[in-house]
>>> print(open('coords.txt').read())   # compact mmCIF, C-alpha atoms
# COMPACT_ATOMS: atom_id res chain seq x y z
CA MET H 1 44.64 9.62 -42.40
CA LYS H 2 47.18 10.59 -45.03
CA ILE H 3 47.66 10.56 -48.79
CA ASP H 4 49.33 7.18 -49.29
CA HIS H 5 50.24 7.58 -52.93
CA LEU H 6 49.35 9.08 -56.30
CA GLY H 7 49.31 6.50 -59.10
CA ILE H 8 50.50 8.09 -62.36
CA ALA H 9 50.09 6.20 -65.63
CA VAL H 10 53.14 6.69 -67.87
CA ASN H 11 54.26 5.21 -71.16
CA SER H 12 57.80 4.70 -69.89
CA ILE H 13 59.19 4.83 -66.38
CA ASP H 14 62.66 5.31 -67.83
CA ILE H 15 61.56 8.51 -69.57
CA ALA H 16 59.30 9.80 -66.76
CA ARG H 17 61.88 9.35 -64.00
CA GLY H 18 64.13 12.13 -65.35
CA PHE H 19 61.62 14.82 -64.43
CA TYR H 20 61.26 13.62 -60.84
CA GLU H 21 65.02 13.31 -60.48
CA THR H 22 65.39 16.92 -61.64
CA LEU H 23 63.04 17.85 -58.78
CA GLY H 24 65.45 16.15 -56.40
CA LEU H 25 63.26 13.06 -55.85
CA ARG H 26 64.55 9.48 -56.15
CA ILE H 27 62.99 6.16 -57.13
CA GLU H 28 63.24 3.93 -54.09
CA ARG H 29 61.90 0.66 -55.46
CA GLU H 30 60.92 -0.75 -58.82
CA GLU H 31 58.89 -3.90 -59.25
CA THR H 32 56.72 -5.71 -61.76
CA ILE H 33 53.29 -6.78 -60.51
CA GLU H 34 52.59 -9.69 -62.83
CA HIS H 35 48.86 -10.14 -62.21
CA GLU H 36 48.19 -6.45 -62.84
CA GLN H 37 50.54 -6.43 -65.85
CA VAL H 38 52.22 -3.29 -64.65
CA ARG H 39 55.74 -2.15 -63.80
CA THR H 40 55.87 0.27 -60.87
CA ALA H 41 58.41 2.75 -59.52
CA MET H 42 57.94 4.21 -56.02
CA ILE H 43 59.12 7.78 -55.40
CA PRO H 44 58.84 8.85 -51.74
CA VAL H 45 57.54 12.42 -51.21
CA GLY H 46 57.21 13.32 -47.54
CA GLU H 47 54.81 10.89 -45.86
CA SER H 48 53.37 9.96 -49.29
CA ARG H 49 54.77 8.62 -52.52
CA ILE H 50 54.31 8.94 -56.24
CA GLU H 51 53.88 5.59 -57.99
CA LEU H 52 54.74 5.57 -61.66
CA LEU H 53 52.72 2.87 -63.45
CA GLU H 54 53.95 1.53 -66.78
CA PRO H 55 51.86 -1.22 -68.41
CA THR H 56 53.63 -4.41 -69.47
CA THR H 57 50.83 -5.11 -72.00
CA GLU H 58 48.44 -2.82 -73.85
CA ASN H 59 45.49 -4.83 -72.63
CA SER H 60 46.08 -4.23 -68.91
CA ALA H 61 44.00 -1.72 -66.93
CA VAL H 62 46.80 0.86 -67.09
CA GLY H 63 47.46 0.09 -70.78
CA ARG H 64 43.80 0.74 -71.62
CA PHE H 65 43.85 3.93 -69.54
CA LEU H 66 46.86 5.20 -71.51
CA ASN H 67 45.26 4.35 -74.84
CA LYS H 68 42.10 6.20 -73.89
CA ARG H 69 43.37 9.20 -71.98
CA GLY H 70 47.14 9.40 -72.32
CA GLU H 71 49.56 9.86 -69.45
CA GLY H 72 48.30 11.32 -66.20
CA LEU H 73 46.87 10.62 -62.79
CA HIS H 74 45.35 7.13 -62.65
CA HIS H 75 44.27 7.06 -59.00
CA VAL H 76 44.72 8.67 -55.58
CA ALA H 77 45.19 6.44 -52.52
CA LEU H 78 44.24 7.52 -49.00
CA HIS H 79 45.63 5.57 -46.07
CA VAL H 80 43.19 4.95 -43.21
CA ASP H 81 43.64 3.38 -39.77
CA ASP H 82 40.64 1.05 -39.92
CA ILE H 83 39.76 0.03 -43.46
CA ALA H 84 36.85 -2.19 -42.41
CA GLU H 85 35.22 0.70 -40.54
CA THR H 86 35.77 3.04 -43.52
CA LEU H 87 34.24 0.48 -45.90
CA GLU H 88 31.15 0.14 -43.71
CA ALA H 89 30.75 3.92 -43.34
CA LEU H 90 30.92 4.40 -47.12
CA LYS H 91 28.53 1.53 -47.84
CA SER H 92 25.97 2.73 -45.32
CA ASN H 93 26.12 6.20 -46.90
CA GLY H 94 25.39 4.79 -50.33
CA VAL H 95 28.82 5.57 -51.78
CA ARG H 96 29.42 3.66 -55.02
CA LEU H 97 32.39 1.27 -54.79
CA VAL H 98 34.29 -0.51 -57.57
CA SER H 99 34.13 -3.67 -55.47
CA GLU H 100 32.51 -4.12 -52.07
CA LYS H 101 35.24 -6.44 -50.78
CA ILE H 102 38.55 -5.56 -49.15
CA GLN H 103 41.40 -7.00 -51.23
CA VAL H 104 44.95 -7.97 -50.28
CA GLY H 105 47.74 -6.41 -52.37
CA ALA H 106 51.19 -7.70 -53.27
CA GLY H 107 52.94 -6.44 -50.12
CA GLY H 108 50.06 -7.65 -47.94
CA HIS H 109 48.39 -4.26 -47.70
CA LEU H 110 44.59 -4.05 -47.77
CA TYR H 111 42.63 -1.96 -50.24
CA PHE H 112 39.41 -1.23 -52.08
CA PHE H 113 38.43 1.33 -54.69
CA VAL H 114 35.71 3.98 -54.57
CA HIS H 115 34.05 4.61 -57.94
CA PRO H 116 34.95 7.99 -59.52
CA SER H 117 31.25 8.89 -59.69
CA SER H 118 31.18 9.03 -55.88
CA ALA H 119 34.58 10.70 -55.41
CA GLY H 120 34.50 13.86 -57.50
CA GLY H 121 35.63 12.19 -60.72
CA MET H 122 38.76 10.55 -59.24
CA LEU H 123 39.43 6.86 -58.95
CA LEU H 124 40.09 6.68 -55.19
CA GLU H 125 41.84 3.82 -53.45
CA ILE H 126 41.38 3.38 -49.70
CA CYS H 127 44.25 1.38 -48.20
CA GLN H 128 45.79 0.21 -44.97
CA ASP H 129 49.13 -1.42 -44.23
CA ARG H 130 48.93 -5.01 -43.07
CA GLU H 131 51.20 -4.32 -40.08
CA GLN H 132 48.62 -2.08 -38.51
CA ILE H 133 46.01 -4.80 -38.15
CA GLN H 134 48.51 -7.20 -36.66
CA ASP H 135 49.18 -4.79 -33.78
CA MET T 136 59.49 17.94 -50.06
CA LYS T 137 55.87 16.93 -49.58
CA ILE T 138 52.58 16.80 -51.43
CA ASP T 139 51.10 20.19 -50.54
CA HIS T 140 47.65 19.62 -51.97
CA LEU T 141 45.53 17.97 -54.63
CA GLY T 142 43.24 20.42 -56.43
CA ILE T 143 39.96 18.70 -57.34
CA ALA T 144 37.55 20.45 -59.73
CA VAL T 145 33.94 19.92 -58.60
CA ASN T 146 30.60 21.28 -59.74
CA SER T 147 29.47 21.92 -56.17
CA ILE T 148 31.48 21.97 -52.94
CA ASP T 149 28.23 21.52 -51.02
CA ILE T 150 27.58 18.21 -52.79
CA ALA T 151 31.20 17.00 -52.87
CA ARG T 152 31.86 17.63 -49.16
CA GLY T 153 29.51 14.83 -48.04
CA PHE T 154 31.80 12.12 -49.39
CA TYR T 155 34.87 13.48 -47.61
CA GLU T 156 32.90 13.90 -44.38
CA THR T 157 31.83 10.25 -44.61
CA LEU T 158 35.55 9.40 -44.75
CA GLY T 159 35.97 11.28 -41.46
CA LEU T 160 37.65 14.32 -43.03
CA ARG T 161 36.57 17.90 -42.36
CA ILE T 162 36.63 21.13 -44.33
CA GLU T 163 38.87 23.53 -42.43
CA ARG T 164 38.49 26.70 -44.46
CA GLU T 165 36.37 27.92 -47.33
CA GLU T 166 37.15 31.00 -49.35
CA THR T 167 36.43 32.64 -52.66
CA ILE T 168 39.44 33.69 -54.71
CA GLU T 169 37.95 36.48 -56.78
CA HIS T 170 40.67 36.88 -59.41
CA GLU T 171 40.63 33.14 -60.16
CA GLN T 172 36.82 33.04 -60.08
CA VAL T 173 36.85 30.01 -57.87
CA ARG T 174 35.44 28.99 -54.50
CA THR T 175 37.76 26.70 -52.53
CA ALA T 176 37.38 24.35 -49.57
CA MET T 177 40.50 23.04 -47.80
CA ILE T 178 40.37 19.53 -46.34
CA PRO T 179 43.50 18.62 -44.32
CA VAL T 180 44.78 15.03 -44.89
CA GLY T 181 47.94 14.31 -42.92
CA GLU T 182 50.66 16.76 -43.95
CA SER T 183 48.76 17.51 -47.18
CA ARG T 184 45.30 18.72 -48.06
CA ILE T 185 42.60 18.22 -50.62
CA GLU T 186 41.37 21.47 -52.16
CA LEU T 187 37.92 21.35 -53.67
CA LEU T 188 37.64 23.92 -56.47
CA GLU T 189 34.21 25.14 -57.55
CA PRO T 190 34.10 27.75 -60.31
CA THR T 191 32.11 30.94 -59.68
CA THR T 192 31.75 31.46 -63.46
CA GLU T 193 31.76 29.03 -66.38
CA ASN T 194 34.46 31.03 -68.11
CA SER T 195 37.09 30.61 -65.37
CA ALA T 196 39.98 28.14 -65.73
CA VAL T 197 38.22 25.62 -63.48
CA GLY T 198 34.88 26.24 -65.20
CA ARG T 199 36.41 25.48 -68.61
CA PHE T 200 38.11 22.38 -67.17
CA LEU T 201 34.75 21.09 -65.89
CA ASN T 202 33.03 21.76 -69.19
CA LYS T 203 35.73 19.88 -71.07
CA ARG T 204 36.54 16.99 -68.77
CA GLY T 205 34.04 16.87 -65.95
CA GLU T 206 34.87 16.60 -62.27
CA GLY T 207 38.28 15.26 -61.29
CA LEU T 208 41.84 16.08 -60.41
CA HIS T 209 42.77 19.53 -61.70
CA HIS T 210 46.35 19.76 -60.38
CA VAL T 211 48.85 18.31 -57.93
CA ALA T 212 50.98 20.68 -55.83
CA LEU T 213 54.39 19.75 -54.44
CA HIS T 214 55.87 21.85 -51.67
CA VAL T 215 59.59 22.55 -51.94
CA ASP T 216 62.05 24.29 -49.60
CA ASP T 217 63.68 26.53 -52.20
CA ILE T 218 61.34 27.37 -55.06
CA ALA T 219 63.88 29.57 -56.87
CA GLU T 220 66.41 26.73 -56.93
CA THR T 221 63.76 24.28 -58.17
CA LEU T 222 62.71 26.68 -60.93
CA GLU T 223 66.30 27.06 -62.11
CA ALA T 224 66.92 23.28 -62.03
CA LEU T 225 63.80 22.62 -64.12
CA LYS T 226 64.60 25.42 -66.61
CA SER T 227 68.17 24.26 -67.10
CA ASN T 228 66.90 20.73 -67.76
CA GLY T 229 64.55 21.98 -70.48
CA VAL T 230 61.35 21.21 -68.53
CA ARG T 231 58.35 22.98 -70.08
CA LEU T 232 56.71 25.45 -67.68
CA VAL T 233 53.30 27.14 -67.89
CA SER T 234 55.02 30.38 -66.91
CA GLU T 235 58.70 30.94 -66.20
CA LYS T 236 58.06 33.39 -63.36
CA ILE T 237 57.40 32.67 -59.70
CA GLN T 238 54.01 34.09 -58.73
CA VAL T 239 52.62 35.19 -55.36
CA GLY T 240 49.32 33.62 -54.29
CA ALA T 241 46.52 34.95 -52.11
CA GLY T 242 48.02 33.86 -48.79
CA GLY T 243 51.45 35.10 -49.84
CA HIS T 244 52.70 31.67 -50.89
CA LEU T 245 54.93 31.37 -53.96
CA TYR T 246 54.16 29.13 -56.90
CA PHE T 247 54.63 28.25 -60.54
CA PHE T 248 53.17 25.54 -62.78
CA VAL T 249 54.96 22.83 -64.77
CA HIS T 250 53.27 22.02 -68.06
CA PRO T 251 51.54 18.59 -68.13
CA SER T 252 53.64 17.59 -71.15
CA SER T 253 56.74 17.62 -68.93
CA ALA T 254 55.11 16.05 -65.85
CA GLY T 255 53.54 12.80 -67.03
CA GLY T 256 50.24 14.33 -68.11
CA MET T 257 49.54 16.13 -64.80
CA LEU T 258 49.29 19.85 -64.25
CA LEU T 259 51.89 20.21 -61.50
CA GLU T 260 52.18 23.18 -59.18
CA ILE T 261 55.45 23.78 -57.34
CA CYS T 262 54.89 25.91 -54.25
CA GLN T 263 56.54 27.26 -51.14
CA ASP T 264 55.08 28.99 -48.09
CA ARG T 265 56.04 32.61 -47.73
CA GLU T 266 57.10 32.11 -44.09
CA GLN T 267 59.95 29.90 -45.12
CA ILE T 268 61.71 32.59 -47.09
CA GLN T 269 61.35 35.10 -44.30
CA ASP T 270 63.29 32.87 -41.92
>>> encode(input="coords.txt", output="structure tokens")
Amino acid sequence: MKIDHLGIAVNSIDIARGFYETLGLRIEREETIEHEQVRTAMIPVGESRIELLEPTTENSAVGRFLNKRGEGLHHVALHVDDIAETLEALKSNGVRLVSEKIQVGAGGHLYFFVHPSSAGGMLLEICQDREQIQD
Amino acid sequence: MKIDHLGIAVNSIDIARGFYETLGLRIEREETIEHEQVRTAMIPVGESRIELLEPTTENSAVGRFLNKRGEGLHHVALHVDDIAETLEALKSNGVRLVSEKIQVGAGGHLYFFVHPSSAGGMLLEICQDREQIQD
């Protein structure tokens, strides 16, 4: 298991990037995820990455988060080796999930979210790269 | 550089640990840091760790955080190779710091905090293991 990424909600990637560049980090990839109405910038940090999330509309999930709470950590993602097994273990222990189904993300990775009420107040994503299941 | 740890403020380590154990993670070390009035539990995750922070008094920094915001992410710590160089780079770029001096933590590690207003709304710790400077 590892920390896959930290999702940080920001008003502007162009403004936020300067701080990370001062730290010596670099944005590796930027993309717009249309169906989530969010622009993302990936900043590798060791085996993990920081994902800056800038809403493309105020009414998106990240846009509403910013309106309510301002900039800051939106979610933490943990990478697991067997997402189906993890989902079953959490369900059978009564952990509250945002959705009980594994979803497929833009790059083909698999994910689901644990509700903050079960994860110490953090929105927690559990994810797995698609490649690993194809092995 | 790597994500050193995520500091999560919780009301009770004994209650919070169950969720992480269900994920297959284990608490490696628990200790009480008297001068910060906090009990901590370290959970290794890949090259990083999750640190559960439980206040020993309501009037501690973590206790006040919990009273104000409830459980959740308290800070993110990035590990750097040369903390003095990082501090100078941030200062010379006008980044707002919580304190402009490098401090020495319980285990001898070095650290300082970047103010959330300069780090996308997150309280960001920059740290370095003591061993690395002694090399």
>>> closest_atom_pairs(input="coords.txt", of="chain H", to="chain T", cutoff="9 Å", atoms="only C-alpha atoms", output="CSV")
residue,atom,partner,partner_atom,distance
H:Met1,CA,T:Gly181,CA,5.8
H:Lys2,CA,T:Gly181,CA,4.3
H:Ile3,CA,T:Val180,CA,6.6
H:Ile8,CA,T:Gly255,CA,7.3
H:Ala9,CA,T:Gly255,CA,7.6
H:Val10,CA,T:Gly255,CA,6.2
H:Asn11,CA,T:Gly255,CA,8.7
H:Ala16,CA,T:Gly255,CA,6.5
H:Phe19,CA,T:Ala254,CA,6.8
H:Tyr20,CA,T:Ala254,CA,8.3
H:Thr22,CA,T:Leu225,CA,6.4
H:Leu23,CA,T:Thr221,CA,6.5
H:Gly24,CA,T:Thr221,CA,8.5
H:Leu25,CA,T:Met136,CA,8.5
H:Pro44,CA,T:Lys137,CA,8.9
H:Val45,CA,T:Lys137,CA,5.1
H:Gly46,CA,T:Lys137,CA,4.4
H:Glu47,CA,T:Lys137,CA,7.2
H:Ser48,CA,T:Ile138,CA,7.2
H:Arg49,CA,T:Ile138,CA,8.5
H:Gly70,CA,T:Gly256,CA,7.2
H:Glu71,CA,T:Gly256,CA,4.7
H:Gly72,CA,T:Gly256,CA,4.1
H:Leu73,CA,T:Met257,CA,6.4
H:Leu78,CA,T:Val180,CA,8.6
H:Val80,CA,T:Leu158,CA,9.0
H:Thr86,CA,T:Leu158,CA,6.5
H:Ala89,CA,T:Thr157,CA,6.5
H:Leu90,CA,T:Thr157,CA,6.4
H:Asn93,CA,T:Thr157,CA,7.4
H:Val95,CA,T:Phe154,CA,7.6
H:Pro116,CA,T:Gly207,CA,8.2
H:Ser117,CA,T:Glu206,CA,8.9
H:Ser118,CA,T:Phe154,CA,7.2
H:Ala119,CA,T:Phe154,CA,6.8
H:Gly120,CA,T:Glu206,CA,5.5
H:Gly121,CA,T:Gly207,CA,4.1
H:Met122,CA,T:Gly207,CA,5.2
H:Leu123,CA,T:Gly207,CA,8.8
>>> write_last_selection(input="coords.txt", atoms="C-alpha atoms", output="CSV table (one decimal), keeping the file's coordinate frame")
chain,number,residue,atom,x,y,z
H,1,MET,CA,44.6,9.6,-42.4
H,2,LYS,CA,47.2,10.6,-45.0
H,3,ILE,CA,47.7,10.6,-48.8
H,8,ILE,CA,50.5,8.1,-62.4
H,9,ALA,CA,50.1,6.2,-65.6
H,10,VAL,CA,53.1,6.7,-67.9
H,11,ASN,CA,54.3,5.2,-71.2
H,16,ALA,CA,59.3,9.8,-66.8
H,19,PHE,CA,61.6,14.8,-64.4
H,20,TYR,CA,61.3,13.6,-60.8
H,22,THR,CA,65.4,16.9,-61.6
H,23,LEU,CA,63.0,17.8,-58.8
H,24,GLY,CA,65.4,16.2,-56.4
H,25,LEU,CA,63.3,13.1,-55.8
H,44,PRO,CA,58.8,8.8,-51.7
H,45,VAL,CA,57.5,12.4,-51.2
H,46,GLY,CA,57.2,13.3,-47.5
H,47,GLU,CA,54.8,10.9,-45.9
H,48,SER,CA,53.4,10.0,-49.3
H,49,ARG,CA,54.8,8.6,-52.5
H,70,GLY,CA,47.1,9.4,-72.3
H,71,GLU,CA,49.6,9.9,-69.4
H,72,GLY,CA,48.3,11.3,-66.2
H,73,LEU,CA,46.9,10.6,-62.8
H,78,LEU,CA,44.2,7.5,-49.0
H,80,VAL,CA,43.2,5.0,-43.2
H,86,THR,CA,35.8,3.0,-43.5
H,89,ALA,CA,30.8,3.9,-43.3
H,90,LEU,CA,30.9,4.4,-47.1
H,93,ASN,CA,26.1,6.2,-46.9
H,95,VAL,CA,28.8,5.6,-51.8
H,116,PRO,CA,35.0,8.0,-59.5
H,117,SER,CA,31.2,8.9,-59.7
H,118,SER,CA,31.2,9.0,-55.9
H,119,ALA,CA,34.6,10.7,-55.4
H,120,GLY,CA,34.5,13.9,-57.5
H,121,GLY,CA,35.6,12.2,-60.7
H,122,MET,CA,38.8,10.6,-59.2
H,123,LEU,CA,39.4,6.9,-59.0
>>> residues_around(input="coords.txt", residues="segment 244-246 of chain T", least_positions_apart="2", cutoff="8 Å", atoms="only C-alpha atoms", output="PyMOL selection string")
chain T and resi 218+237-242+248+260-265
>>> atom_distance(input="coords.txt", atom1="atom CA of Arg164 of chain T", atom2="atom CA of Glu189 of chain T")
13.9 Å
>>> atom_distance(input="coords.txt", atom1="atom CA of Gly142 of chain T", atom2="atom CA of Glu186 of chain T")
4.8 Å
>>> atom_distance(input="coords.txt", atom1="atom CA of Val173 of chain T", atom2="atom CA of Thr191 of chain T")
5.2 Å
>>> axis_aligned_box(input="coords.txt", around="segment 80-93 of chain H", padding_each_side="4 Å", output="JSON")
{"center_x": 34.8, "center_y": 2.0, "center_z": -43.8, "size_x": 25.7, "size_y": 16.4, "size_z": 16.1}
